[in-house]
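A.B. asks: Before anything else, here's the structure in question.
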Amino acid sequence: MTGAEALPPFAEDIFVSKGKGVQLLGSRCPQCGRAFFPRTGICPDDGTATEALRLDGEASLYSFTVVRTKPPFALPAPYPVGYVDLPKHDLRVFMLLDPDRIDALEIGMPMRLASGEMGVDLKGRRCIRPYFTPADTKG
Ligand SMILES: [Zn+2]
């Protein structure tokens, strides 16, 4: 992981990764409290300007699928994607899931946010990417 820390993130303004700590960058409406990811500038419910919110990485798996077509961005093949629920923010997000744990995925299971070197970014550079993995994944 030492060399990987020097790699660029997949995209700016999506997440922050520091060592083993990783957080998704969302936003929150100060008027109604609704959380968003990816972040949005204006709450669609009441038009209020949102504020930055670092999302808690504790989640449960709502639904998932395994993509078996040729992957974009040099992702592993196959790779899983899915919706995870973040109970602290009453928010459901669509994210990449851990390609090394496909066989372990079960709807409703506890998940946590992780990050690591995976695939390439929009400029074709190797990069760090956030993904959700089963909560019992080591490392
Ligand atoms: Zn609002």
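Residue numbers start at 1 in each chain; chains themselves are named A, B, ... in the order of the structure tokens; ligands are numbered from 1 in the order shown.
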Which residues are near ligand 1 - at most 10 Å, using only C-alpha atoms and all ligand atoms? Format: as a list in words.
C.D. replies: Arg28, Cys29, Pro30, Gln31, Cys32, Gly33, Arg34, Ala35, Ile42, Cys43, Pro44, Asp45, Asp46, Gly47, Thr48, Ala49 and Thr50 of chain A
A.B. asks: Contacts of Thr137 (chain A) at 10 Å or less, counting only C-alpha atoms, minus same-chain residues fewer than 5 places along, as a PyMOL selection string?
C.D. replies: chain A and resi 98+100-101+104+111-112+114
A.B. asks: Those residues with N, CA and C atoms, as a PDB file, in the first residue's frame please?
C.D. replies:
```
ATOM      1  N   ASP A  98     -16.348  -4.497  -3.601  1.00  0.00           N
ATOM      2  CA  ASP A  98     -15.033  -5.154  -3.584  1.00  0.00           C
ATOM      3  C   ASP A  98     -14.979  -6.347  -4.543  1.00  0.00           C
ATOM      4  N   ASP A 100     -12.796  -8.519  -4.890  1.00  0.00           N
ATOM      5  CA  ASP A 100     -12.197  -9.707  -4.261  1.00  0.00           C
ATOM      6  C   ASP A 100     -13.175 -10.432  -3.347  1.00  0.00           C
ATOM      7  N   ARG A 101     -14.375  -9.836  -3.120  1.00  0.00           N
ATOM      8  CA  ARG A 101     -15.322 -10.440  -2.172  1.00  0.00           C
ATOM      9  C   ARG A 101     -16.678 -10.743  -2.830  1.00  0.00           C
ATOM     10  N   ALA A 104     -18.810 -13.387  -1.288  1.00  0.00           N
ATOM     11  CA  ALA A 104     -19.272 -13.137   0.078  1.00  0.00           C
ATOM     12  C   ALA A 104     -20.496 -12.216   0.123  1.00  0.00           C
ATOM     13  N   MET A 111     -21.569  -3.490   5.621  1.00  0.00           N
ATOM     14  CA  MET A 111     -20.486  -3.130   4.712  1.00  0.00           C
ATOM     15  C   MET A 111     -19.726  -1.949   5.307  1.00  0.00           C
ATOM     16  N   ARG A 112     -18.510  -1.754   4.817  1.00  0.00           N
ATOM     17  CA  ARG A 112     -17.759  -0.558   5.217  1.00  0.00           C
ATOM     18  C   ARG A 112     -17.025  -0.013   3.996  1.00  0.00           C
ATOM     19  N   ALA A 114     -13.928   1.307   1.909  1.00  0.00           N
ATOM     20  CA  ALA A 114     -12.496   1.050   1.828  1.00  0.00           C
ATOM     21  C   ALA A 114     -11.977   1.772   0.593  1.00  0.00           C
TER      22      ALA A 114
END
```
A.B. asks: Could you check the closest approach to Gly21 (chain A) for each of A:Met118, A:Leu61, A:Val81, A:Leu55 and tell me which residue wins, using only C-alpha atoms?
C.D. replies: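 Smallest separation from Gly21 (chain A) among the options: A:Leu55.
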A.B. asks: Taking only C-alpha atoms into account, name the residue in A:Ala77, A:Phe37, A:Ser60, A:Phe10 that is nearest to Ile102 (chain A).
C.D. replies: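 Comparing A:Ala77, A:Phe37, A:Ser60, A:Phe10 against Ile102 (chain A), the winner is A:Ala77.
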A.B. asks: For a quick check of understanding, using only C-alpha atoms, which of A:Leu97, A:Ala52, A:Leu105, A:Val66 has the smallest distance to Leu25 (chain A)?
C.D. replies: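 Between A:Leu97, A:Ala52, A:Leu105, A:Val66, the residue approaching Leu25 (chain A) most closely is A:Ala52.
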A.B. asks: Using DSSP on the backbone, list every residue of region 8-118 of chain A that comes out as helix (DSSP H, G or I), and give them as an NGL selection string.
C.D. replies: :A and (72-74 or 87-89 or 99-104)
A.B. asks: Choose the residue, out of A:Glu12, A:Leu53, A:Pro72, A:Phe36, that has the smallest atom-to-atom separation from Gly124 (chain A); count only C-alpha atoms.
C.D. replies: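 Closest residue, counting only C-alpha atoms: A:Pro72.
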A.B. asks: What does the distance from CA of Asp56 (chain A) to CA of Glu106 (chain A) come to in Å, to one decimal?
C.D. replies: 20.8 Å
A.B. asks: Show me, as a PyMOL selection string, the residues that have an atom within 10 Å of Tyr62 (chain A) when counting only C-alpha atoms, minus same-chain residues fewer than 4 positions from it.
C.D. replies: chain A and resi 82-86+92-94+106-110
A.B. asks: Taking the DSSP secondary structure from the backbone, can you list the residues of region 38-102 of chain A that are strand (DSSP E), as an MDAnalysis selection string?
C.D. replies: chainID A and resid 51:55 58:67 79:86 91:96
A.B. asks: Find the residues near Phe73 (chain A): any atom within 7 Å, counting only C-alpha atoms, skip ones fewer than 2 places away on the same chain, and give them as a list in words.
C.D. replies: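 The filter keeps Pro71, Leu75, Gly119, Val120 and Asp121 of chain A.
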A.B. asks: Those residues you just picked out, can you put them in a file as a PDB file, in the first residue's frame with N, CA and C atoms?
C.D. replies:
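Full text of out.pdb as output:
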```
ATOM      1  N   PRO A  71     -14.768  -4.458 -18.581  1.00  0.00           N
ATOM      2  CA  PRO A  71     -14.875  -3.331 -17.651  1.00  0.00           C
ATOM      3  C   PRO A  71     -14.247  -2.042 -18.182  1.00  0.00           C
ATOM      4  N   LEU A  75     -10.893  -1.767 -14.713  1.00  0.00           N
ATOM      5  CA  LEU A  75     -11.341  -2.411 -13.483  1.00  0.00           C
ATOM      6  C   LEU A  75     -11.167  -3.917 -13.629  1.00  0.00           C
ATOM      7  N   GLY A 119      -7.679  -0.117 -11.119  1.00  0.00           N
ATOM      8  CA  GLY A 119      -7.974   0.463 -12.422  1.00  0.00           C
ATOM      9  C   GLY A 119      -7.226   1.767 -12.674  1.00  0.00           C
ATOM     10  N   VAL A 120      -7.765   2.525 -13.619  1.00  0.00           N
ATOM     11  CA  VAL A 120      -7.146   3.789 -14.019  1.00  0.00           C
ATOM     12  C   VAL A 120      -8.182   4.905 -13.953  1.00  0.00           C
ATOM     13  N   ASP A 121      -7.703   6.153 -13.902  1.00  0.00           N
ATOM     14  CA  ASP A 121      -8.609   7.296 -13.861  1.00  0.00           C
ATOM     15  C   ASP A 121      -8.961   7.747 -15.277  1.00  0.00           C
TER      16      ASP A 121
END
```
A.B. asks: Please provide as a PDB file with C-alpha atoms, in the first residue's frame all residues within 9 Å of Ile128 (chain A), with the sequence filter that same-chain residues fewer than 2 positions apart are discarded (counting only C-alpha atoms).
C.D. replies:
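Final file, selection-v3.pdb:
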```
ATOM      1  CA  ALA A   4      -0.267   3.252  -3.868  1.00  0.00           C
ATOM      2  CA  GLU A   5      -0.737   6.167  -1.478  1.00  0.00           C
ATOM      3  CA  ALA A   6       1.127   8.348  -3.961  1.00  0.00           C
ATOM      4  CA  LEU A   7      -1.301   7.549  -6.764  1.00  0.00           C
ATOM      5  CA  PRO A   8      -4.000  10.044  -7.721  1.00  0.00           C
ATOM      6  CA  PRO A   9      -7.624   9.496  -6.672  1.00  0.00           C
ATOM      7  CA  PHE A  10     -10.029   8.242  -9.345  1.00  0.00           C
ATOM      8  CA  ALA A  11     -11.772  11.620  -9.306  1.00  0.00           C
ATOM      9  CA  SER A  17      -8.287   8.747   1.684  1.00  0.00           C
ATOM     10  CA  SER A 115     -10.107   2.316  -0.816  1.00  0.00           C
ATOM     11  CA  GLY A 116      -7.212   0.926  -2.743  1.00  0.00           C
ATOM     12  CA  GLU A 117      -5.383   0.877  -6.031  1.00  0.00           C
ATOM     13  CA  MET A 118      -7.793  -0.256  -8.710  1.00  0.00           C
ATOM     14  CA  GLY A 119      -7.974   0.463 -12.422  1.00  0.00           C
ATOM     15  CA  VAL A 120      -7.146   3.789 -14.019  1.00  0.00           C
ATOM     16  CA  ASP A 121      -8.609   7.296 -13.861  1.00  0.00           C
ATOM     17  CA  ARG A 126      -3.305   4.013 -12.164  1.00  0.00           C
ATOM     18  CA  PRO A 130     -13.197   3.962  -3.089  1.00  0.00           C
TER      19      PRO A 130
END
```
A.B. asks: Tell me, in Å to one decimal, how far CA of Arg54 (chain A) is from CA of Phe15 (chain A).
C.D. replies: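 That distance, rounded to one decimal, is 8.4 Å.
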A.B. asks: Rounded to one decimal in Å, what is the spacing between CA of Ser63 (chain A) and CA of Met95 (chain A)?
C.D. replies: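 Rounded to one decimal, the two atoms are 10.7 Å apart.
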A.B. asks: Nearest to Val16 (chain A) among A:Asp103, A:Leu113, A:Lys123, A:Lys88, with distances taken over only C-alpha atoms: which residue is it?
C.D. replies: A:Leu113
